[in-house]
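The file protein.cif comes next; it holds mmCIF, C-alpha atoms.
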data_structure
loop_
_atom_site.group_PDB
_atom_site.id
_atom_site.type_symbol
_atom_site.label_atom_id
_atom_site.label_comp_id
_atom_site.auth_asym_id
_atom_site.auth_seq_id
_atom_site.Cartn_x
_atom_site.Cartn_y
_atom_site.Cartn_z
ATOM 1 C CA MET K 1 -2.025 16.915 5.683
ATOM 2 C CA ASN K 2 -3.405 14.475 3.171
ATOM 3 C CA ILE K 3 -2.749 10.867 2.246
ATOM 4 C CA GLN K 4 -2.497 9.817 -1.371
ATOM 5 C CA PRO K 5 -0.968 7.133 -3.598
ATOM 6 C CA LEU K 6 2.651 7.887 -4.530
ATOM 7 C CA SER K 7 4.050 7.489 -8.027
ATOM 8 C CA LEU K 8 7.610 6.213 -7.878
ATOM 9 C CA SER K 9 8.087 7.092 -11.533
ATOM 10 C CA ASP K 10 8.105 10.743 -10.417
ATOM 11 C CA LEU K 11 11.744 11.483 -9.537
ATOM 12 C CA GLU K 12 10.935 14.176 -6.971
ATOM 13 C CA THR K 13 8.518 11.840 -5.156
ATOM 14 C CA LEU K 14 10.994 8.958 -5.351
ATOM 15 C CA GLY K 15 13.760 11.130 -3.886
ATOM 16 C CA GLN K 16 11.564 12.347 -1.024
ATOM 17 C CA LEU K 17 10.488 8.771 -0.270
ATOM 18 C CA TRP K 18 14.064 7.474 -0.328
ATOM 19 C CA ARG K 19 15.227 10.234 2.049
ATOM 20 C CA LEU K 20 12.258 9.654 4.378
ATOM 21 C CA GLN K 21 12.890 5.906 4.384
ATOM 22 C CA HIS K 22 16.538 6.372 5.313
ATOM 23 C CA VAL K 23 15.936 8.812 8.159
ATOM 24 C CA ALA K 24 13.055 6.739 9.587
ATOM 25 C CA TYR K 25 14.680 3.311 9.305
ATOM 26 C CA ARG K 26 18.023 4.542 10.673
ATOM 27 C CA LEU K 27 16.125 5.297 13.862
ATOM 28 C CA GLU K 28 14.536 1.824 13.913
ATOM 29 C CA ALA K 29 17.984 0.311 13.321
ATOM 30 C CA GLU K 30 19.225 2.098 16.461
ATOM 31 C CA ILE K 31 16.188 0.980 18.485
ATOM 32 C CA ILE K 32 16.531 -2.702 17.594
ATOM 33 C CA GLY K 33 20.328 -2.758 17.378
ATOM 34 C CA PHE K 34 20.506 -3.975 13.792
ATOM 35 C CA GLN K 35 21.911 -1.831 10.980
ATOM 36 C CA GLU K 36 21.119 -4.123 8.028
ATOM 37 C CA ILE K 37 17.386 -3.399 7.864
ATOM 38 C CA PRO K 38 16.463 -4.021 4.202
ATOM 39 C CA PRO K 39 15.008 -0.520 3.570
ATOM 40 C CA LEU K 40 18.385 0.970 4.537
ATOM 41 C CA MET K 41 19.994 -1.060 1.748
ATOM 42 C CA ASP K 42 17.700 0.428 -0.909
ATOM 43 C CA THR K 43 19.033 2.693 -3.622
ATOM 44 C CA MET K 44 16.601 4.954 -5.435
ATOM 45 C CA GLU K 45 16.557 2.373 -8.237
ATOM 46 C CA THR K 46 15.793 -0.636 -6.003
ATOM 47 C CA LEU K 47 13.114 1.395 -4.238
ATOM 48 C CA ARG K 48 11.531 2.394 -7.553
ATOM 49 C CA ASP K 49 11.593 -1.207 -8.780
ATOM 50 C CA CYS K 50 10.436 -2.936 -5.566
ATOM 51 C CA GLY K 51 6.926 -3.625 -6.889
ATOM 52 C CA GLU K 52 5.191 -2.359 -3.750
ATOM 53 C CA SER K 53 2.361 0.201 -3.673
ATOM 54 C CA PHE K 54 3.146 3.319 -1.655
ATOM 55 C CA TYR K 55 0.834 5.822 0.021
ATOM 56 C CA GLY K 56 2.242 9.034 1.417
ATOM 57 C CA CYS K 57 1.234 11.564 4.011
ATOM 58 C CA ILE K 58 1.919 14.965 2.499
ATOM 59 C CA HIS K 59 2.346 17.968 4.791
ATOM 60 C CA ASN K 60 0.654 21.241 3.844
ATOM 61 C CA ASP K 61 4.032 22.518 2.595
ATOM 62 C CA GLY K 62 4.294 19.606 0.133
ATOM 63 C CA GLU K 63 6.859 17.647 2.170
ATOM 64 C CA LEU K 64 6.442 13.876 2.435
ATOM 65 C CA ILE K 65 6.341 13.257 6.198
ATOM 66 C CA GLY K 66 5.088 9.676 6.330
ATOM 67 C CA ALA K 67 4.558 6.703 4.039
ATOM 68 C CA VAL K 68 3.322 3.142 4.041
ATOM 69 C CA ALA K 69 3.947 0.434 1.454
ATOM 70 C CA VAL K 70 1.906 -2.668 0.752
ATOM 71 C CA ALA K 71 2.139 -5.751 -1.428
ATOM 72 C CA GLU K 72 -0.239 -8.585 -2.195
ATOM 73 C CA GLU K 73 2.324 -11.355 -1.812
ATOM 74 C CA GLU K 74 -0.260 -14.050 -1.075
ATOM 75 C CA GLU K 75 -3.787 -14.425 -2.400
ATOM 76 C CA ASN K 76 -6.403 -12.639 -0.266
ATOM 77 C CA THR K 77 -3.659 -11.175 1.941
ATOM 78 C CA LEU K 78 -2.197 -7.694 2.123
ATOM 79 C CA THR K 79 1.315 -7.406 3.527
ATOM 80 C CA ILE K 80 2.270 -4.038 4.963
ATOM 81 C CA THR K 81 5.897 -3.993 3.909
ATOM 82 C CA ARG K 82 7.030 -0.591 5.174
ATOM 83 C CA MET K 83 5.766 2.054 7.594
ATOM 84 C CA MET K 84 7.751 5.222 8.076
ATOM 85 C CA VAL K 85 7.262 8.622 9.671
ATOM 86 C CA HIS K 86 9.787 11.434 9.700
ATOM 87 C CA PRO K 87 11.188 11.771 13.258
ATOM 88 C CA ASP K 88 10.265 15.489 13.267
ATOM 89 C CA HIS K 89 6.627 14.394 13.012
ATOM 90 C CA PHE K 90 6.490 11.546 15.561
ATOM 91 C CA ARG K 91 3.512 11.305 17.923
ATOM 92 C CA LYS K 92 1.168 13.253 15.637
ATOM 93 C CA GLY K 93 -0.982 10.287 14.578
ATOM 94 C CA ILE K 94 0.591 9.997 11.132
ATOM 95 C CA ALA K 95 1.292 6.247 11.303
ATOM 96 C CA ALA K 96 -2.249 5.641 12.596
ATOM 97 C CA SER K 97 -3.677 7.741 9.750
ATOM 98 C CA LEU K 98 -1.620 5.797 7.208
ATOM 99 C CA MET K 99 -2.726 2.486 8.724
ATOM 100 C CA THR K 100 -6.389 3.538 8.669
ATOM 101 C CA TYR K 101 -6.044 4.627 5.036
ATOM 102 C CA VAL K 102 -4.458 1.337 3.935
ATOM 103 C CA LEU K 103 -7.031 -0.794 5.735
ATOM 104 C CA GLU K 104 -9.840 1.258 4.136
ATOM 105 C CA GLN K 105 -8.270 1.057 0.655
ATOM 106 C CA HIS K 106 -7.980 -2.736 0.949
ATOM 107 C CA ALA K 107 -11.106 -3.427 2.995
ATOM 108 C CA ASP K 108 -12.086 -6.316 0.704
ATOM 109 C CA LEU K 109 -9.174 -8.498 1.839
ATOM 110 C CA PRO K 110 -9.664 -10.974 4.710
ATOM 111 C CA ARG K 111 -6.100 -10.957 6.048
ATOM 112 C CA TYR K 112 -3.317 -8.468 6.714
ATOM 113 C CA ILE K 113 0.292 -9.167 7.720
ATOM 114 C CA VAL K 114 2.985 -6.857 9.091
ATOM 115 C CA SER K 115 6.402 -7.428 10.690
ATOM 116 C CA THR K 116 8.592 -5.214 12.834
ATOM 117 C CA GLY K 117 11.580 -5.427 15.102
ATOM 118 C CA THR K 118 10.387 -6.928 18.385
ATOM 119 C CA LEU K 119 12.108 -4.102 20.294
ATOM 120 C CA ASN K 120 10.427 -1.399 18.175
ATOM 121 C CA GLN K 121 7.797 -0.674 20.829
ATOM 122 C CA PRO K 122 6.108 2.251 18.987
ATOM 123 C CA ALA K 123 5.478 -0.007 15.964
ATOM 124 C CA VAL K 124 4.363 -2.944 18.128
ATOM 125 C CA ASN K 125 1.926 -0.607 19.934
ATOM 126 C CA LEU K 126 0.571 0.721 16.632
ATOM 127 C CA TYR K 127 -0.085 -2.714 15.167
ATOM 128 C CA THR K 128 -1.692 -4.135 18.307
ATOM 129 C CA LYS K 129 -3.882 -1.022 18.575
ATOM 130 C CA PHE K 130 -5.189 -1.847 15.092
ATOM 131 C CA GLY K 131 -6.045 -5.413 16.080
ATOM 132 C CA PHE K 132 -2.949 -7.199 14.808
ATOM 133 C CA ASN K 133 -1.858 -10.217 16.849
ATOM 134 C CA PRO K 134 1.714 -11.523 17.112
ATOM 135 C CA VAL K 135 2.001 -14.941 15.448
ATOM 136 C CA GLU K 136 5.712 -15.530 15.013
ATOM 137 C CA VAL K 137 9.036 -14.289 16.345
ATOM 138 C CA THR K 138 12.103 -14.892 14.182
ATOM 139 C CA GLN K 139 15.725 -14.257 15.087
ATOM 140 C CA ILE K 140 17.228 -12.389 12.115
ATOM 141 C CA ALA K 141 20.636 -11.798 13.694
ATOM 142 C CA PRO K 142 22.199 -12.548 17.079
ATOM 143 C CA GLY K 143 20.020 -10.781 19.654
ATOM 144 C CA VAL K 144 17.731 -9.260 16.994
ATOM 145 C CA GLU K 145 14.165 -10.518 16.662
ATOM 146 C CA LEU K 146 11.438 -9.762 14.161
ATOM 147 C CA THR K 147 7.801 -10.197 15.189
ATOM 148 C CA THR K 148 5.192 -10.977 12.534
ATOM 149 C CA PHE K 149 1.612 -9.907 13.205
ATOM 150 C CA HIS K 150 -1.614 -11.012 11.512
ATOM 151 C CA LYS K 151 -4.998 -9.365 11.440
ATOM 152 C CA ASN K 152 -7.842 -11.536 10.208
ATOM 153 C CA LYS K 153 -11.345 -10.353 9.489
ATOM 154 C CA LEU K 154 -14.109 -12.305 11.152
#
For the structure just supplied, provide its representation as C-alpha cells.
Amino acid sequence: MNIQPLSLSDLETLGQLWRLQHVAYRLEAEIIGFQEIPPLMDTMETLRDCGESFYGCIHNDGELIGAVAVAEEEENTLTITRMMVHPDHFRKGIAASLMTYVLEQHADLPRYIVSTGTLNQPAVNLYTKFGFNPVEVTQIAPGVELTTFHKNKL
C-alpha cells in the first residue's frame, strides 16, 4: 500500500476515484440519514473540475482503496474536503495513514479544518484522535447535523 498524489486528468484514476467516492459516501449517507451528501452528487466531470488536491492510497494490486482531498480555501488554512475508504478495507488504518500523510505534506500551515456528519462516529473518532476539536454544529437538513472541527498548531 502506498499513498501518492492523484492526477484527475488521468481518466482511469478519475474513474477509480469517482467509484470509490460513491461507494464510501453512500455508506456515510446511510449512517447519518441524509442522501444528498455533495460527493454523491458529483459526476466524473464535476469531480475532475472541483479544484481540490487528491491523495490516494493504492493497494498492491493497483486498486484505489482510500483517498483524501484538500483545499486551501482560506489563507494559512488547509480544509480537508473529503475522506473516503472503500468499505472492503475499513478498520485497516487507511484513513489514519491518509490523515498522517496530508498533515505531513502541509506541515507548514497553522490551521486545519474538517467537517463530517455528527452521527458518523468513525470519522468523528478519527478526527479527534488527530487532535481536531469540534467548533461548530450546523443543521443541514431536518435531523441531520454537520460538525466542523479545527486543529490549530501551537
What's around Gln4 (chain K) at 8 Å? Count all atoms listed in the file, leave out sequence neighbours fewer than 2 positions away in its own chain, and write the answer as an MDAnalysis selection string.
chainID K and resid 2 6 55:58
What separation in Å, quoted to one decimal, exists between CA of Asn76 (chain K) and CA of Leu109 (chain K)?
5.4 Å
Quick one: which residues end up in the PyMOL selection byres ((chain K and resi 99) around 9) for this structure, as JSON, numbers by chain?
{"K": [68, 83, 94, 95, 96, 97, 98, 100, 101, 102, 103, 104, 126, 127, 130]}
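Remark: for Pro142 (chain K), the closest of the candidate residues K:Pro110, K:Gly15, K:Pro39, K:Gly33 is K:Gly33 (distances computed over all atoms listed in the file).
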Here is a test: counting only C-alpha atoms, which residue of K:Glu30, K:Leu78, K:Gln35, K:Ile3 is nearest to His59 (chain K)?
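Checking each candidate against His59 (chain K), we get K:Ile3 as the closest.
Minimum distance to Asp10 (chain K) across K:Arg48, K:Ala24, K:Ile32, K:Leu119 (counting all atoms listed in the file) occurs at K:Arg48.
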For the file shown, what are the residues hit by the PyMOL selection byres ((chain K and resi 36) around 12), laid out as a list in words?
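After applying the PyMOL selection byres ((chain K and resi 36) around 12), what remains is His22, Tyr25, Arg26, Glu28, Ala29, Glu30, Ile32, Gly33, Phe34, Gln35, Ile37, Pro38, Pro39, Leu40, Met41, Asp42, Gly117, Ile140, Ala141 and Val144 of chain K.
Of the residues listed (K:Thr46, K:Thr138, K:Asn125, K:Gln105), K:Thr46 shows the shortest atom-to-atom separation from Trp18 (chain K); distances use only C-alpha atoms.
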Evaluate the PyMOL selection byres ((chain K and resi 64) around 9) and record the selected residues as a list in words, following the chain and residue labels used in the document.
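With the PyMOL selection byres ((chain K and resi 64) around 9) on this model, the match is Thr13, Gln16, Leu17, Leu20, Gly56, Cys57, Ile58, His59, Asp61, Gly62, Glu63, Ile65, Gly66, Ala67, Val85 and His86 of chain K.
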